[in-house]
Every structure is written in structure tokens, then in C-alpha cells.
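> Data file input.txt (compact mmCIF, C-alpha atoms and all ligand atoms) is appended below.
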# COMPACT_ATOMS: atom_id res chain seq x y z
CA MET A 23 7.21 -16.64 11.01
CA ALA A 24 6.51 -20.27 10.17
CA PHE A 25 3.31 -20.31 12.22
CA ILE A 26 2.06 -17.20 10.46
CA MET A 27 2.65 -18.84 7.09
CA ASN A 28 0.51 -21.77 8.26
CA GLU A 29 -2.22 -19.59 9.76
CA ILE A 30 -2.78 -17.22 6.86
CA ALA A 31 -4.01 -18.74 3.65
CA PRO A 32 -2.75 -17.60 0.27
CA PHE A 33 -4.99 -14.87 -1.09
CA LYS A 34 -5.75 -13.27 -4.41
CA ILE A 35 -5.59 -9.74 -5.69
CA ARG A 36 -8.19 -10.10 -8.43
CA ASP A 37 -6.86 -13.18 -10.28
CA ILE A 38 -3.28 -12.92 -9.02
CA GLU A 39 -2.44 -15.44 -6.32
CA ILE A 40 -0.21 -14.19 -3.53
CA ASN A 41 1.43 -17.37 -2.33
CA PRO A 42 3.11 -17.47 0.12
CA PRO A 43 0.79 -14.84 1.58
CA LEU A 44 3.55 -12.43 2.43
CA VAL A 45 4.03 -9.05 0.79
CA LEU A 46 7.38 -7.32 0.78
CA SER A 47 6.66 -3.82 2.07
CA PRO A 48 7.78 -1.10 -0.30
CA MET A 49 10.77 0.66 1.21
CA ALA A 50 12.40 3.63 -0.47
CA GLY A 51 16.15 3.17 -0.70
CA VAL A 52 15.84 -0.51 0.25
CA THR A 53 13.55 -2.57 -1.98
CA ASP A 54 15.40 -1.92 -5.22
CA ILE A 55 15.79 -4.56 -7.92
CA SER A 56 18.95 -6.07 -6.35
CA PHE A 57 17.44 -6.35 -2.88
CA ARG A 58 14.28 -7.91 -4.27
CA ARG A 59 16.33 -10.38 -6.30
CA LEU A 60 18.20 -11.51 -3.18
CA LEU A 61 14.95 -12.01 -1.27
CA LYS A 62 13.34 -13.85 -4.16
CA GLN A 63 16.30 -16.22 -4.28
CA ARG A 64 15.91 -16.85 -0.57
CA GLY A 65 12.17 -17.54 -1.02
CA GLY A 66 9.11 -16.77 1.07
CA ILE A 67 7.84 -13.64 -0.65
CA GLY A 68 4.49 -13.80 -2.45
CA LEU A 69 4.46 -10.27 -3.83
CA THR A 70 7.31 -7.87 -4.35
CA VAL A 71 6.74 -4.12 -4.55
CA SER A 72 9.02 -1.45 -5.98
CA GLU A 73 10.28 1.49 -3.98
CA PHE A 74 7.81 4.37 -4.18
CA ILE A 75 8.33 6.13 -7.50
CA SER A 76 7.68 9.80 -8.12
CA VAL A 77 5.11 10.43 -10.84
CA GLU A 78 6.65 13.86 -11.34
CA GLY A 79 9.92 12.12 -12.28
CA LEU A 80 8.36 9.28 -14.26
CA THR A 81 6.18 11.47 -16.43
CA ARG A 82 9.18 13.69 -17.23
CA ASN A 83 11.27 10.69 -18.23
CA ASN A 84 13.59 11.04 -15.27
CA PRO A 85 16.11 8.18 -15.69
CA LYS A 86 16.21 7.32 -11.99
CA SER A 87 12.42 7.04 -11.79
CA LYS A 88 12.32 4.88 -14.91
CA ARG A 89 15.07 2.63 -13.54
CA GLN A 90 13.03 2.14 -10.37
CA MET A 91 10.33 0.41 -12.43
CA ARG A 92 12.67 -2.34 -13.64
CA PHE A 93 12.09 -5.87 -12.38
CA TYR A 94 13.14 -9.42 -13.14
CA GLU A 95 10.63 -11.77 -14.76
CA ASN A 96 11.06 -14.27 -11.94
CA GLU A 97 9.87 -11.63 -9.46
CA ARG A 98 6.29 -11.91 -10.63
CA PRO A 99 3.86 -11.00 -9.26
CA PHE A 100 5.41 -7.56 -9.03
CA ALA A 101 3.76 -4.28 -8.06
CA VAL A 102 4.91 -0.77 -8.93
CA GLN A 103 4.13 1.79 -6.27
CA ILE A 104 3.71 5.43 -7.35
CA PHE A 105 3.34 8.61 -5.36
CA GLY A 106 2.19 12.07 -6.32
CA ALA A 107 -0.73 14.42 -6.11
CA GLN A 108 -1.65 15.48 -9.65
CA PRO A 109 -4.39 13.22 -11.06
CA ALA A 110 -3.21 13.52 -14.68
CA ARG A 111 0.39 12.63 -13.80
CA MET A 112 -0.74 9.80 -11.51
CA ARG A 113 -2.80 8.41 -14.40
CA MET A 114 0.10 8.69 -16.87
CA ALA A 115 2.51 7.04 -14.47
CA ALA A 116 0.05 4.21 -13.85
CA GLU A 117 -0.19 3.67 -17.60
CA MET A 118 3.61 3.55 -17.80
CA ALA A 119 3.73 0.91 -15.05
CA GLU A 120 1.25 -1.22 -16.96
CA GLU A 121 3.22 -0.73 -20.17
CA VAL A 122 6.46 -2.03 -18.61
CA GLY A 123 4.57 -5.14 -17.53
CA ALA A 124 3.89 -4.62 -13.82
CA ASP A 125 1.23 -6.98 -12.50
CA ILE A 126 -0.23 -4.53 -10.00
CA LEU A 127 -0.27 -0.76 -9.57
CA ASP A 128 -0.07 0.46 -5.97
CA VAL A 129 -0.89 4.00 -4.90
CA ASN A 130 1.09 5.43 -1.99
CA CYS A 131 -1.11 7.19 0.56
CA GLY A 132 1.32 6.77 3.41
CA CYS A 133 4.57 8.63 2.87
CA PRO A 134 4.97 11.17 5.69
CA ALA A 135 7.98 13.04 4.21
CA PRO A 136 7.30 16.79 4.32
CA LYS A 137 8.59 17.26 0.76
CA VAL A 138 5.92 14.80 -0.46
CA VAL A 139 3.09 15.85 1.85
CA LYS A 140 3.47 19.57 1.19
CA HIS A 141 2.56 18.95 -2.46
CA GLY A 142 -0.47 16.89 -1.38
CA GLY A 143 0.99 13.43 -2.10
CA GLY A 144 1.68 10.37 0.09
CA SER A 145 -0.11 10.61 3.43
CA GLY A 146 -1.28 14.10 2.39
CA LEU A 147 -4.00 12.26 0.46
CA LEU A 148 -5.45 11.00 3.75
CA LYS A 149 -6.32 14.65 4.46
CA ASP A 150 -7.78 15.32 1.03
CA HIS A 151 -10.29 12.64 0.11
CA PRO A 152 -11.74 14.53 -2.88
CA ARG A 153 -8.27 14.61 -4.45
CA LEU A 154 -7.69 10.97 -3.60
CA GLU A 155 -11.00 10.07 -5.18
CA GLU A 156 -10.12 11.93 -8.37
CA ILE A 157 -6.70 10.28 -8.55
CA LEU A 158 -8.03 6.76 -8.03
CA THR A 159 -10.87 7.30 -10.48
CA GLU A 160 -8.47 8.55 -13.15
CA ILE A 161 -6.07 5.66 -12.61
CA LYS A 162 -8.82 3.08 -12.62
CA LYS A 163 -10.09 4.34 -15.97
CA ALA A 164 -6.61 4.12 -17.49
CA ILE A 165 -5.28 0.69 -16.48
CA THR A 166 -6.40 -2.90 -16.71
CA ILE A 167 -4.06 -4.36 -14.06
CA PRO A 168 -5.35 -4.34 -10.47
CA MET A 169 -5.07 -1.08 -8.54
CA THR A 170 -4.13 -1.34 -4.87
CA VAL A 171 -3.70 1.33 -2.22
CA LYS A 172 -1.42 1.59 0.80
CA ILE A 173 -2.79 3.81 3.54
CA ARG A 174 -2.04 4.78 7.11
CA ALA A 175 -4.33 4.75 10.14
CA GLY A 176 -4.77 8.47 9.64
CA PHE A 177 -2.69 11.60 9.29
CA TYR A 178 -2.69 12.66 12.95
CA ASP A 179 -3.43 10.57 16.03
CA HIS A 180 -6.61 12.63 16.43
CA THR A 181 -7.74 12.16 12.81
CA ILE A 182 -7.81 8.37 12.44
CA ASN A 183 -9.72 7.75 9.21
CA ALA A 184 -8.47 4.45 7.85
CA ILE A 185 -12.00 3.10 7.50
CA GLU A 186 -13.22 6.09 5.50
CA THR A 187 -10.10 6.05 3.32
CA ALA A 188 -10.40 2.30 2.75
CA LYS A 189 -14.07 2.58 1.81
CA LEU A 190 -13.34 5.42 -0.57
CA ALA A 191 -10.56 3.42 -2.20
CA GLU A 192 -12.80 0.42 -2.49
CA ALA A 193 -15.57 2.50 -4.08
CA CYS A 194 -13.02 3.73 -6.63
CA GLY A 195 -12.19 0.15 -7.57
CA ALA A 196 -9.13 -0.63 -5.44
CA GLN A 197 -8.67 -4.38 -5.27
CA HIS A 198 -6.54 -4.52 -2.15
CA ILE A 199 -5.82 -2.17 0.69
CA ALA A 200 -2.71 -2.38 2.83
CA LEU A 201 -2.85 -0.56 6.13
CA HIS A 202 0.32 0.76 7.75
CA GLY A 203 -1.01 0.81 11.30
CA ARG A 204 0.46 4.11 12.37
CA THR A 205 -0.44 7.70 11.75
CA ALA A 206 1.73 9.90 9.53
CA VAL A 207 2.45 12.28 12.39
CA VAL A 208 3.05 10.27 15.54
CA GLU A 209 2.17 12.59 18.37
CA SER A 210 3.29 10.23 21.10
CA ILE A 211 5.52 7.20 20.75
CA GLU A 212 3.31 5.29 23.23
CA ARG A 213 0.40 5.59 20.85
CA ASP A 214 2.02 3.47 18.16
CA TYR A 215 0.80 0.06 19.15
CA GLU A 216 -2.53 1.36 20.40
CA ASP A 217 -3.21 2.82 16.99
CA VAL A 218 -2.85 -0.57 15.37
CA VAL A 219 -5.30 -2.08 17.83
CA HIS A 220 -7.63 0.91 17.70
CA VAL A 221 -8.17 0.54 13.97
CA ALA A 222 -8.76 -3.18 14.29
CA VAL A 223 -11.36 -2.64 17.02
CA LEU A 224 -13.01 0.06 14.99
CA VAL A 225 -13.50 -2.36 12.12
CA ASP A 226 -15.00 -4.95 14.43
CA ASP A 227 -17.05 -2.80 16.74
CA ASP A 228 -18.85 -0.41 14.50
CA PRO A 229 -21.88 -2.23 13.08
CA GLY A 230 -23.24 1.09 11.88
CA LYS A 231 -20.67 1.08 9.12
CA ASP A 232 -21.12 -1.23 6.18
CA LEU A 233 -17.75 -2.90 6.25
CA GLY A 234 -18.81 -6.19 4.74
CA ALA A 235 -17.37 -5.31 1.38
CA LEU A 236 -13.95 -4.84 2.87
CA ARG A 237 -13.92 -8.47 3.86
CA GLN A 238 -14.87 -9.88 0.49
CA PRO A 239 -12.26 -11.84 -1.44
CA GLY A 240 -9.73 -9.48 -2.88
CA HIS A 241 -9.88 -7.06 0.04
CA ARG A 242 -7.62 -7.61 2.96
CA PHE A 243 -6.12 -5.65 5.75
CA PHE A 244 -2.53 -5.92 6.85
CA PHE A 245 -1.24 -4.37 9.99
CA GLY A 246 2.37 -3.27 9.92
CA LEU A 247 3.34 -5.13 6.79
CA ASP A 248 6.91 -5.80 7.77
CA ASP A 249 6.32 -6.26 11.46
CA LEU A 250 5.08 -9.79 11.60
CA GLU A 251 4.45 -10.23 15.30
CA ARG A 252 1.77 -7.57 14.98
CA VAL A 253 -0.21 -9.55 12.45
CA GLU A 254 -1.48 -11.96 15.04
CA PRO A 255 -3.16 -9.59 17.50
CA ALA A 256 -4.71 -7.65 14.67
CA GLU A 257 -6.10 -10.78 13.00
CA GLU A 258 -7.50 -11.96 16.33
CA LEU A 259 -9.32 -8.71 16.84
CA LEU A 260 -10.87 -8.88 13.41
C1 LIG A 301 13.32 2.77 5.13
C2 LIG A 301 11.85 2.68 4.88
C3 LIG A 301 11.35 3.09 3.66
C4 LIG A 301 9.98 3.02 3.40
N1 LIG A 301 9.52 3.37 2.17
C5 LIG A 301 8.20 3.19 1.88
C6 LIG A 301 7.72 3.42 0.57
O1 LIG A 301 8.45 3.78 -0.37
N2 LIG A 301 6.40 3.22 0.34
C7 LIG A 301 5.53 2.80 1.33
O2 LIG A 301 4.35 2.64 1.08
N3 LIG A 301 5.98 2.57 2.58
C8 LIG A 301 7.28 2.73 2.86
N4 LIG A 301 7.75 2.42 4.12
C9 LIG A 301 6.81 1.86 5.13
C10 LIG A 301 6.85 0.34 5.08
O3 LIG A 301 6.40 -0.15 3.82
C11 LIG A 301 5.96 -0.29 6.18
O4 LIG A 301 4.61 0.04 5.99
C12 LIG A 301 6.39 0.12 7.57
O5 LIG A 301 7.79 0.14 7.69
C13 LIG A 301 5.81 -0.84 8.60
O6 LIG A 301 5.70 -0.32 9.89
P1 LIG A 301 6.78 0.43 10.83
O7 LIG A 301 8.08 0.57 10.12
O8 LIG A 301 6.12 1.74 11.07
O9 LIG A 301 6.90 -0.41 12.05
C14 LIG A 301 9.10 2.52 4.40
C15 LIG A 301 9.61 2.11 5.63
C16 LIG A 301 10.97 2.19 5.87
C17 LIG A 301 11.47 1.73 7.21
Take the structure I supplied and represent it as C-alpha cells, if you would.

Amino acid sequence: MAFIMNEIAPFKIRDIEINPPLVLSPMAGVTDISFRRLLKQRGGIGLTVSEFISVEGLTRNNPKSKRQMRFYENERPFAVQIFGAQPARMRMAAEMAEEVGADILDVNCGCPAPKVVKHGGGSGLLKDHPRLEEILTEIKKAITIPMTVKIRAGFYDHTINAIETAKLAEACGAQHIALHGRTAVVESIERDYEDVVHVAVLVDDDPGKDLGALRQPGHRFFFGLDDLERVEPAEELL
């Protein structure tokens, strides 16, 4: 881990410095306020992220959802991650995150849970770009804090569309895109690592696509956020 910290420079999400350049992956049932506090005390985390929070719960004042937005001041910078599929509720929830003082609003486009996907949320948004576009446009209009997006390589192994999703998110004003380098539905366990590499090669090898913007300051790809040994091969390929 130490060599990675030396290799990768601190970066910014708009004007927010992420230093050290390590993001704590959002993990439902894990990255709650107590867990994040322990890690912060230990040091080494540049950005903490909440568990994913249901906009259906938040916008109906569900106590559990509201509790999930709590954070300690010394956690900053802190991102709230929301999931859902209804643009109006996504917008309202984003406003609520800004109101409670979150530094960054992150949109979940990666959750593979059937109960989330069947309503069109999480990784379901990878299959419905018009809906994703509407959601991101609505959110962007409503908040002043940076909007970030966490995506997967694609929904199925045969529908890898991380580049298209990333470009769409960027066009809607996303300031940072995190890529979970797997598909939502893993059709073969052997494909896992190949998928990570495949997306990296696609970025590098496809001059027909205007990917320059994705490499500008404020836009950055991560491969397997919590799986550090994978960062190196992916960075090399880029
Ligand atoms: C228990 C658990 C809960 C997770 N919850 C979320 C979540 O709420 N939001 C999210 O974007 N990703 C979530 N993830 C995905 C992680 O943030 C991360 O992208 C992933 O674990 C990295 O790759 P891998 O676990 O597939 O190797 C979760 C992962 C785990 C293991």
C-alpha cells in the first residue's frame, strides 16, 4: 500500500483535495459512521463515503435513511451516496445531502441487488441511459456541491458500456467517476479480472472516441476501489 501512496498523487474533486489519494469505498452495512470514525482515527483515508442511502427512504423521512447521512466534522471531506430511480426523489435527496453539509454527492450506478435493480436503480441505470441522464441533470441543477458517480464496467459481461456511461455522466456535469471494474451480473467468475483490464484497454486503444475530457483534472478512474493490488495494472494500461 505504501508504494501506491507514493505513486499516486493527491487529486481534486473540483476544489476538494483528496489527500491521501485513497477513497473509502461505500459499503452497505459496513461503512457506517462508527466504522468510518475508526478508520479516520487510524489515518490514510482521503475521502470517506456513506453507505448507499435509499432516496425512497430519505424523501419520506425514514429515520434509518436520515441516520445514514450523519457524519463527524473531522471526517471531511465526506460524500453521501444515494441510490434510486425516480429523478424527482433523487433530486430531493441530493438537496438533503447538501443541506446536512456533505461535501460531495455520489450517485450509485453499481448496486446489483435485484430489489434495487428491478425498480431501475443502482446498476439498473447502466441499462437505461435516458433515465440516468435525467437523474443526473436534475441533481446537477439542484446542488452546488460536486456530483460524482460510481459505475460498473457494464450490466452484463456482453454489455460493457463503462465508457459510454462515463461520458454521459461527464456531459451531465459529474466531477468524478469511480469505476467498479466488474459487471453487475458476472456470467463467469474467470471473467472478473479480464473485465478490469478490458475496460482499461478500451480507454487506451480506441482513438475514435473522444476520451480526452475524461483525463482532465477532476476526472479520474479507479479500478476496484478497495482492491489495491488491481490499481497498478490498470494505471499501467492507461
Ligand atoms: C459488503 C459490501 C457492500 C457494498 N456496498 C456498496 C454500496 O453501498 N455502494 C457502492 O457503490 N458500492 C458498494 N460496494 C462495492 C464496493 O464499494 C467496491 O466497489 C467493491 O467492493 C470493489 O470490488 P470487489 O468487491 O468487486 O472486488 C459494496 C461492496 C461490499 C463488499
> Report as JSON lines the residues of chain A within 9 Å of ligand LIG 301 (chain A), each with its shortest atom pair and distance in Å (one decimal), using all atoms listed in the file, ordered by chain and increasing residue number.

{"residue": "A:Leu46", "atom": "CA", "partner": "A:LIG301", "partner_atom": "O3", "distance": 7.8}
{"residue": "A:Ser47", "atom": "CA", "partner": "A:LIG301", "partner_atom": "O3", "distance": 4.1}
{"residue": "A:Pro48", "atom": "CA", "partner": "A:LIG301", "partner_atom": "O3", "distance": 4.4}
{"residue": "A:Met49", "atom": "CA", "partner": "A:LIG301", "partner_atom": "N1", "distance": 3.1}
{"residue": "A:Ala50", "atom": "CA", "partner": "A:LIG301", "partner_atom": "N1", "distance": 3.9}
{"residue": "A:Gly51", "atom": "CA", "partner": "A:LIG301", "partner_atom": "C3", "distance": 6.5}
{"residue": "A:Val52", "atom": "CA", "partner": "A:LIG301", "partner_atom": "C1", "distance": 6.4}
{"residue": "A:Thr53", "atom": "CA", "partner": "A:LIG301", "partner_atom": "C3", "distance": 8.3}
{"residue": "A:Val71", "atom": "CA", "partner": "A:LIG301", "partner_atom": "N2", "distance": 8.8}
{"residue": "A:Ser72", "atom": "CA", "partner": "A:LIG301", "partner_atom": "O1", "distance": 7.7}
{"residue": "A:Glu73", "atom": "CA", "partner": "A:LIG301", "partner_atom": "O1", "distance": 4.7}
{"residue": "A:Phe74", "atom": "CA", "partner": "A:LIG301", "partner_atom": "O1", "distance": 3.9}
{"residue": "A:Ile75", "atom": "CA", "partner": "A:LIG301", "partner_atom": "O1", "distance": 7.5}
{"residue": "A:Gln103", "atom": "CA", "partner": "A:LIG301", "partner_atom": "N2", "distance": 7.1}
{"residue": "A:Ile104", "atom": "CA", "partner": "A:LIG301", "partner_atom": "N2", "distance": 8.4}
{"residue": "A:Phe105", "atom": "CA", "partner": "A:LIG301", "partner_atom": "N2", "distance": 8.4}
{"residue": "A:Asp128", "atom": "CA", "partner": "A:LIG301", "partner_atom": "O2", "distance": 8.6}
{"residue": "A:Val129", "atom": "CA", "partner": "A:LIG301", "partner_atom": "O2", "distance": 8.1}
{"residue": "A:Asn130", "atom": "CA", "partner": "A:LIG301", "partner_atom": "O2", "distance": 5.3}
{"residue": "A:Cys131", "atom": "CA", "partner": "A:LIG301", "partner_atom": "O2", "distance": 7.1}
{"residue": "A:Gly132", "atom": "CA", "partner": "A:LIG301", "partner_atom": "O2", "distance": 5.6}
{"residue": "A:Cys133", "atom": "CA", "partner": "A:LIG301", "partner_atom": "C7", "distance": 6.1}
{"residue": "A:Gly144", "atom": "CA", "partner": "A:LIG301", "partner_atom": "O2", "distance": 8.2}
{"residue": "A:Val171", "atom": "CA", "partner": "A:LIG301", "partner_atom": "O2", "distance": 8.8}
{"residue": "A:Lys172", "atom": "CA", "partner": "A:LIG301", "partner_atom": "O2", "distance": 5.9}
{"residue": "A:Ile173", "atom": "CA", "partner": "A:LIG301", "partner_atom": "O2", "distance": 7.6}
{"residue": "A:Arg174", "atom": "CA", "partner": "A:LIG301", "partner_atom": "O4", "distance": 8.2}
{"residue": "A:Ala200", "atom": "CA", "partner": "A:LIG301", "partner_atom": "O4", "distance": 8.3}
{"residue": "A:Leu201", "atom": "CA", "partner": "A:LIG301", "partner_atom": "O4", "distance": 7.5}
{"residue": "A:His202", "atom": "CA", "partner": "A:LIG301", "partner_atom": "O4", "distance": 4.7}
{"residue": "A:Gly203", "atom": "CA", "partner": "A:LIG301", "partner_atom": "O6", "distance": 6.9}
{"residue": "A:Arg204", "atom": "CA", "partner": "A:LIG301", "partner_atom": "O8", "distance": 6.3}
{"residue": "A:Thr205", "atom": "CA", "partner": "A:LIG301", "partner_atom": "O8", "distance": 8.9}
{"residue": "A:Asp214", "atom": "CA", "partner": "A:LIG301", "partner_atom": "O8", "distance": 8.4}
{"residue": "A:Phe245", "atom": "CA", "partner": "A:LIG301", "partner_atom": "C13", "distance": 8.0}
{"residue": "A:Gly246", "atom": "CA", "partner": "A:LIG301", "partner_atom": "C13", "distance": 4.4}
{"residue": "A:Leu247", "atom": "CA", "partner": "A:LIG301", "partner_atom": "C13", "distance": 5.3}
{"residue": "A:Asp248", "atom": "CA", "partner": "A:LIG301", "partner_atom": "C13", "distance": 5.1}
{"residue": "A:Asp249", "atom": "CA", "partner": "A:LIG301", "partner_atom": "O9", "distance": 5.9}
> Applying 7 Å and all atoms listed in the file, which residues near stretch 145-162 of chain A remain after dropping the ones on its own chain fewer than 3 positions away? List them as a ChimeraX atom specification.
/A:109,112-113,116,131-134,139,142,165,169,176-177,187,190,194-195,206
> Quick one: distance from atom CA of A:Ala191 to atom CA of A:Glu117 in Å, one decimal?
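Here the two named atoms are 18.6 Å from each other.
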> For atom CA of A:Tyr178 and atom CA of A:Gly79, quote the distance in Å rounded to one decimal.
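Separating atom CA of A:Tyr178 from atom CA of A:Gly79 is a distance of 28.2 Å.
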> For A:Val77, which of A:Ile35, A:Ala175, A:Ile167, A:Met91 is the closest residue, counting only C-alpha atoms?
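Between A:Ile35, A:Ala175, A:Ile167, A:Met91, the residue approaching A:Val77 most closely is A:Met91.
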> For a test of reading the model, state the distance in Å between atom CA of A:Thr181 and atom CA of A:Lys137, rounded to one decimal.
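That distance, rounded to one decimal, is 20.9 Å.
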> Find the spatial neighbours of A:Leu69, counting only C-alpha atoms, within a cut-off of 8 Å - ignore same-chain residues fewer than 2 positions away - and output them as a list in words.
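The neighbour list is Ile40, Asn41, Pro43, Leu44, Val45, Leu46, Ile67, Val71, Glu97, Arg98, Pro99, Phe100 and Ala101 of chain A.
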